[in-house]
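Colleague: Sharing a structure, written as structure tokens. Questions coming.
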Amino acid sequence: MTITRPIEAPRQSPATSKPPAARQRGRGPRDRRAALGFLAPNLVGFLCFTLIPIGASLVLSFFEWPLLGEAVFTGLANFIELFTSDPVFWQVVGNTFYFVAGYVVLNLIVSLALALWLTSRVRWKGFYRFVFFLPVVSPMVANAVVWRLLYTPDDGLIAWFSTTFTGSPGPNWLGSSEWAMPAVILMSVWAGFGYNMIIFIAGIEGIPRSLYEAGELDGAGWWRRTLNITLPLLTPSLFFATVMTVISSLQVFAQPFILTGGGPGSSTTTLVFYLYQKGFQAYEMGYASAIAWSLFVLIMFITIIQFRSQKKWVHYS
Amino acid sequence: MSSTTIDLSSHGVTRHALRRRVGRVTSQVLLFIAAVITLIPFIWMVATALKPAGEVFANPPSLIGSSIEWHNFADAWNYLPFGRFMLNGLIVAGVGTIMVVASSAMAAYAFSRLKWRGRDGTFLIYLGTLMVPQEVLIVPMFIIMRQLGWINSYQALIIPWAFTAFGTFLLRQFFMTLPDELEEAARIDGASRWTMFTRIILPLAKPALGTLAVFTFIGYWNSFLWPLLIVSDVNMATVPLGLNMFLGQTGNQWNLLMAASTISVIPSAIIVILLQRHLVSGIALSGMGGR
């Protein structure tokens, strides 16, 4: 043994014939240079198109800047106007909350139910996954255009169903300020639930089979296994899906844009829609930036609250 | 005791089995109904696309009109340059995806497998921007694009979203799970970091790279708000924007509008069919499932 050890040394390849200590010391700076090379493309783009615009956006929100005119520093004037004297802003915030609440709750119920369903013993799982995921991947503009046709008052397919089953063609979905938002929510749930469904399926399939076998031996039926095993172990996925769905629905834009144009009145104008109107129809860049930052702070605030509350209901195994 | 329990349970099993079978058939039927309801908008879209103009709102509604008007598709295709929209979408999404995957993979390598001072601090800044919504960026980004003279250009559609913290984060998480020993042998052979990255890490990361590529491609392809701001030239429009222009110009010509919608849904349908089997594993693997 003592003799063989020194003999092993020459087995190192010629390229690294330097003493190991020197090689170790050489790795630090070489890694640093390599790191710079690897990082450079992304870092330059990240600086130019993420970090600097974020900073610029905050700075802009303190200016009054009509796109084709002079930028004037006005301090907090944009925010003060937004929060205290803008007749539309709080309504828009309310509309956005209305959408988020309806959309998130319905989306989670539908996606969770279908995920539980599709992970039990049913045939044609692949077909169902295709069907339920298709609206997620098809362009939102196309989805919304199709639903505009379905929502046509009196003559549309939904009105016909309604007449057949209730005798009345139902409301003018997109044309009444009372029903426009529910219509936008319904269409959005249809377009979006497939994504969370796949997340939940992945979560359920990640639960060890052995837990269910133990449950089955105890004679637990499907409901009890679902309540006692699946749902508690799925809470990390549920938490993740809730957080992400809330964030993305706070940014809703394409659906009201295509379906209602924000109307009737401003009953379906959401925060991002309002930002679009102020920034890119009225070209008030500073004011639009103030709306953007209000949205950002709102998203952060709600997300932090959710992370705070997760201890109460999320089980990490 | 043993005989009675066996007796009882065998009764129980048959009744139980029957109930189970009824339950399963009911479940299968209900699920099928749910699938049909989900498909109705698409079915109606295709049906309307094939109808004569006057029969879109026929009462009672029927799937098939008095004649099947295939030329609606040709009319829609020619009314606005849909071939061009598809080509634009393919260029924007294709180049964008390559840039996102390449730049994210390289940055993720630097953040996960190289040691350098300031690494964790820099990564923290990347992480911090993950929560910033796109809308915060678009106003200054629009101004930058105007300054650069990039309005109505491919660059403007691609480059602002090609260096994402999200892609870097996702791939870094995956690279972290690969054991250090993998690169050890190559290092002893004197391989450069670039060789280790391209020959060892990238091949192992194919599933993660694929997941990122697919989501990035779909994101670019379906993106609406940014193209709406930055493109007004019909020849530079992507598919969603083209469809919106179509909506603005044809108004209530629903059969043509539905033909156009069908055309723009087909590529997405193909993507889902091709990837259907990898959907779940892709989401599980990317850590997007919250685990």
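Ordering of the structure tokens sets the chain letters (A, B, ...), residue numbers begin anew at 1 in every chain, and ligands are numbered from 1 in the order given.
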Determine, counting only C-alpha atoms, which protein, DNA and RNA residues have an atom within 9 Å of an atom of Ile299 of chain A; residues of the same chain fewer than 6 positions away are not included. Present the result as an MDAnalysis selection string.

Modeller: (chainID A and resid 246:247 250) or (chainID B and resid 131:133)

Colleague: Could those selected residues go to a file with C-alpha atoms, as a compact mmCIF listing (two decimals), in the first residue's frame?

Modeller:
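For reference, again25.txt as written:
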# COMPACT_ATOMS: atom_id res chain seq x y z
CA VAL A 246 -53.42 36.36 -8.53
CA ILE A 247 -50.35 38.09 -9.97
CA LEU A 250 -54.01 41.61 -11.66
CA MET B 131 -41.98 40.25 -9.34
CA VAL B 132 -41.89 43.41 -11.44
CA PRO B 133 -44.78 43.24 -13.90

Colleague: Counting only C-alpha atoms, a student should be able to say which residues of chain B come within 6 Å of chain A; what is the right answer, written as a JSON list (two decimals) with C-alpha atoms, in the first residue's frame?

Modeller:
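Saved as out_29.json:
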[["chain", "number", "residue", "atom", "x", "y", "z"],
["B", 57, "PHE", "CA", -77.06, 33.75, -36.58],
["B", 103, "SER", "CA", -28.48, 33.83, -22.83],
["B", 106, "MET", "CA", -25.04, 30.88, -20.07],
["B", 107, "ALA", "CA", -26.00, 33.19, -17.23],
["B", 110, "ALA", "CA", -22.26, 31.42, -14.24],
["B", 114, "LEU", "CA", -18.82, 29.07, -11.19],
["B", 116, "TRP", "CA", -16.94, 34.47, -8.22],
["B", 135, "GLU", "CA", -46.33, 46.87, -17.42],
["B", 136, "VAL", "CA", -43.72, 48.72, -15.36],
["B", 137, "LEU", "CA", -41.26, 48.22, -18.20],
["B", 140, "PRO", "CA", -39.78, 53.43, -20.70],
["B", 160, "PRO", "CA", -36.72, 43.75, -25.02],
["B", 163, "PHE", "CA", -32.83, 38.60, -21.50],
["B", 190, "GLY", "CA", -7.90, 20.36, -18.84],
["B", 222, "ASN", "CA", -49.28, 34.92, -28.24],
["B", 240, "PRO", "CA", -52.67, 38.13, -32.38],
["B", 261, "SER", "CA", -59.38, 32.87, -35.70],
["B", 265, "VAL", "CA", -55.47, 28.71, -33.37],
["B", 268, "SER", "CA", -51.25, 26.35, -31.04],
["B", 280, "VAL", "CA", -46.94, 17.43, -16.94],
["B", 284, "ALA", "CA", -43.05, 19.33, -12.71],
["B", 289, "GLY", "CA", -45.42, 23.37, -9.69],
["B", 290, "GLY", "CA", -44.30, 24.89, -6.42]]

Colleague: Figure out the distance between atom CA of Asn78 of chain B and atom CA of Thr48 of chain B, please, to one decimal in Å.

Modeller: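 One can read the atom CA of Thr48 of chain B to atom CA of Asn78 of chain B distance as 18.2 Å.
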
Colleague: Quote the spacing between atom CA of Tyr98 of chain A and atom CA of Val184 of chain A in Å to one decimal place.

Modeller: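 According to the coordinates, atom CA of Tyr98 of chain A and atom CA of Val184 of chain A are separated by 10.8 Å.
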
Colleague: What does the distance from atom CA of Gly210 of chain B to atom CA of Gly83 of chain B come to in Å, to one decimal?

Modeller: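 These two atoms are separated by 26.8 Å.
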
Colleague: Can you list, as an NGL selection string, all residues belonging to segment 97-289 of chain A that DSSP tags as helix (DSSP H, G or I)?

Modeller: :A and (97-119 or 125-137 or 140-150 or 157-166 or 173-175 or 180-205 or 209-217 or 222-250 or 254-259 or 271-280 or 285-289)

Colleague: List the spatial neighbours of Trp226 of chain B as a list in words - criterion: any atom at most 9 Å away, only C-alpha atoms, same-chain residues fewer than 5 positions off excluded.

Modeller: Ile138, Phe142, Leu157 and Val231 of chain B

Colleague: Keeping only C-alpha atoms, write the selected residues to a file as an mmCIF file, in the first residue's frame.

Modeller:
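The new file again-v8.cif reads:
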data_model
loop_
_atom_site.group_PDB
_atom_site.id
_atom_site.type_symbol
_atom_site.label_atom_id
_atom_site.label_comp_id
_atom_site.auth_asym_id
_atom_site.auth_seq_id
_atom_site.Cartn_x
_atom_site.Cartn_y
_atom_site.Cartn_z
ATOM 1 C CA ILE B 138 -43.395 49.072 -21.201
ATOM 2 C CA PHE B 142 -41.535 52.268 -25.629
ATOM 3 C CA LEU B 157 -40.618 42.750 -30.901
ATOM 4 C CA VAL B 231 -46.290 47.829 -34.331
#

Colleague: So that I can see what lies close to segment 209-224 of chain A, please list as a PDB file with N, CA and C atoms, in the first residue's frame the residues with an atom at most 12 Å from it, counting only C-alpha atoms and leaving out residues fewer than 4 positions away in the same chain.

Modeller:
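And here's part-v6.pdb as it stands now:
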ATOM      1  N   LEU A 116     -58.058  16.466 -10.075  1.00  0.00           N
ATOM      2  CA  LEU A 116     -58.389  15.296  -9.247  1.00  0.00           C
ATOM      3  C   LEU A 116     -59.060  14.231 -10.108  1.00  0.00           C
ATOM      4  N   TRP A 117     -59.932  14.705 -10.975  1.00  0.00           N
ATOM      5  CA  TRP A 117     -60.669  13.810 -11.847  1.00  0.00           C
ATOM      6  C   TRP A 117     -59.729  13.058 -12.793  1.00  0.00           C
ATOM      7  N   THR A 119     -56.636  12.462 -12.535  1.00  0.00           N
ATOM      8  CA  THR A 119     -55.617  11.585 -11.962  1.00  0.00           C
ATOM      9  C   THR A 119     -56.262  10.348 -11.359  1.00  0.00           C
ATOM     10  N   SER A 120     -57.607  10.287 -11.340  1.00  0.00           N
ATOM     11  CA  SER A 120     -58.260   9.046 -10.930  1.00  0.00           C
ATOM     12  C   SER A 120     -58.362   8.147 -12.164  1.00  0.00           C
ATOM     13  N   ARG A 121     -59.023   6.984 -11.973  1.00  0.00           N
ATOM     14  CA  ARG A 121     -59.008   6.029 -13.091  1.00  0.00           C
ATOM     15  C   ARG A 121     -60.019   6.416 -14.159  1.00  0.00           C
ATOM     16  N   ILE A 204     -50.107  16.121  -7.989  1.00  0.00           N
ATOM     17  CA  ILE A 204     -50.742  14.892  -7.508  1.00  0.00           C
ATOM     18  C   ILE A 204     -49.908  13.674  -7.910  1.00  0.00           C
ATOM     19  N   GLU A 205     -49.386  13.697  -9.136  1.00  0.00           N
ATOM     20  CA  GLU A 205     -48.583  12.552  -9.572  1.00  0.00           C
ATOM     21  C   GLU A 205     -47.265  12.460  -8.810  1.00  0.00           C
ATOM     22  N   ASN A 228     -57.763  13.525   2.948  1.00  0.00           N
ATOM     23  CA  ASN A 228     -56.738  13.312   3.972  1.00  0.00           C
ATOM     24  C   ASN A 228     -55.328  13.176   3.417  1.00  0.00           C
ATOM     25  N   ILE A 229     -55.205  12.766   2.171  1.00  0.00           N
ATOM     26  CA  ILE A 229     -53.865  12.573   1.614  1.00  0.00           C
ATOM     27  C   ILE A 229     -53.582  13.591   0.505  1.00  0.00           C
ATOM     28  N   THR A 230     -54.419  13.578  -0.539  1.00  0.00           N
ATOM     29  CA  THR A 230     -54.102  14.384  -1.722  1.00  0.00           C
ATOM     30  C   THR A 230     -54.058  15.878  -1.402  1.00  0.00           C
ATOM     31  N   LEU A 231     -55.159  16.402  -0.839  1.00  0.00           N
ATOM     32  CA  LEU A 231     -55.232  17.852  -0.667  1.00  0.00           C
ATOM     33  C   LEU A 231     -54.149  18.406   0.258  1.00  0.00           C
ATOM     34  N   PRO A 232     -53.911  17.788   1.439  1.00  0.00           N
ATOM     35  CA  PRO A 232     -52.841  18.336   2.279  1.00  0.00           C
ATOM     36  C   PRO A 232     -51.479  18.323   1.583  1.00  0.00           C
ATOM     37  N   LEU A 233     -51.201  17.237   0.836  1.00  0.00           N
ATOM     38  CA  LEU A 233     -49.898  17.152   0.189  1.00  0.00           C
ATOM     39  C   LEU A 233     -49.822  18.025  -1.061  1.00  0.00           C
TER      40      LEU A 233
ATOM     41  N   SER B   9     -67.749  -9.834   3.793  1.00  0.00           N
ATOM     42  CA  SER B   9     -66.956  -8.963   2.939  1.00  0.00           C
ATOM     43  C   SER B   9     -67.154  -9.323   1.472  1.00  0.00           C
ATOM     44  N   VAL B  13     -68.058  -6.823  -1.251  1.00  0.00           N
ATOM     45  CA  VAL B  13     -67.205  -6.567  -2.409  1.00  0.00           C
ATOM     46  C   VAL B  13     -68.035  -6.457  -3.676  1.00  0.00           C
ATOM     47  N   HIS B  16     -69.979  -3.326  -3.549  1.00  0.00           N
ATOM     48  CA  HIS B  16     -69.014  -2.242  -3.626  1.00  0.00           C
ATOM     49  C   HIS B  16     -68.507  -2.095  -5.055  1.00  0.00           C
ATOM     50  N   ARG B  20     -68.889   0.933  -7.550  1.00  0.00           N
ATOM     51  CA  ARG B  20     -67.695   1.553  -8.087  1.00  0.00           C
ATOM     52  C   ARG B  20     -67.777   1.680  -9.601  1.00  0.00           C
ATOM     53  N   GLY B  23     -70.119   4.331 -10.558  1.00  0.00           N
ATOM     54  CA  GLY B  23     -69.456   5.598 -10.302  1.00  0.00           C
ATOM     55  C   GLY B  23     -68.479   5.940 -11.402  1.00  0.00           C
ATOM     56  N   ARG B  24     -67.738   4.917 -11.851  1.00  0.00           N
ATOM     57  CA  ARG B  24     -66.711   5.183 -12.852  1.00  0.00           C
ATOM     58  C   ARG B  24     -67.327   5.564 -14.197  1.00  0.00           C
TER      59      ARG B  24
END

Colleague: From the options B:Gln155, B:Thr238, B:Gln28, B:Thr14, which residue's atoms come nearest to Lys125 of chain A, counting only C-alpha atoms?

Modeller: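 Looking at the shortest contact to Lys125 of chain A, the residue is B:Gln28.
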
Colleague: Just the residues within 8 Å of Trp173 of chain A, please, counting only C-alpha atoms, with nothing from its chain fewer than 5 positions along; format it as a list in words.

Modeller: Tyr151, Thr152, Pro153, Trp179, Ala180 and Ala183 of chain A

Colleague: Within 8 Å of Ile64 of chain B, counting only C-alpha atoms, which residues show up once you throw out same-chain ones fewer than 3 positions away? Write them as a list in words, please.

Modeller: Ala47, Leu50, Lys51, Ser67 and Ile68 of chain B

Colleague: For those residues, write C-alpha atoms to a file as a PDB file, in the first residue's frame.

Modeller:
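Wrote it out as result_36.pdb, contents follow:
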ATOM      1  CA  ALA B  47     -68.508  25.794 -37.852  1.00  0.00           C
ATOM      2  CA  LEU B  50     -67.517  27.461 -42.921  1.00  0.00           C
ATOM      3  CA  LYS B  51     -70.964  29.092 -43.078  1.00  0.00           C
ATOM      4  CA  SER B  67     -73.459  25.052 -47.938  1.00  0.00           C
ATOM      5  CA  ILE B  68     -69.872  24.645 -46.791  1.00  0.00           C
TER       6      ILE B  68
END

Colleague: Env of Gly54 of chain B: 10 Å cut, atoms = only C-alpha atoms, seq-sep filter 5 positions within chain, self excluded. Answer as a PyMOL selection string.

Modeller: chain B and resi 65+253-255

Colleague: With C-alpha atoms kept, could you save the residues just selected as a PDB file, in the first residue's frame?

Modeller:
ATOM      1  CA  GLY B  65     -74.965  25.855 -42.941  1.00  0.00           C
ATOM      2  CA  GLN B 253     -68.206  39.656 -40.890  1.00  0.00           C
ATOM      3  CA  TRP B 254     -68.214  36.817 -38.423  1.00  0.00           C
ATOM      4  CA  ASN B 255     -67.620  33.972 -40.847  1.00  0.00           C
TER       5      ASN B 255
END
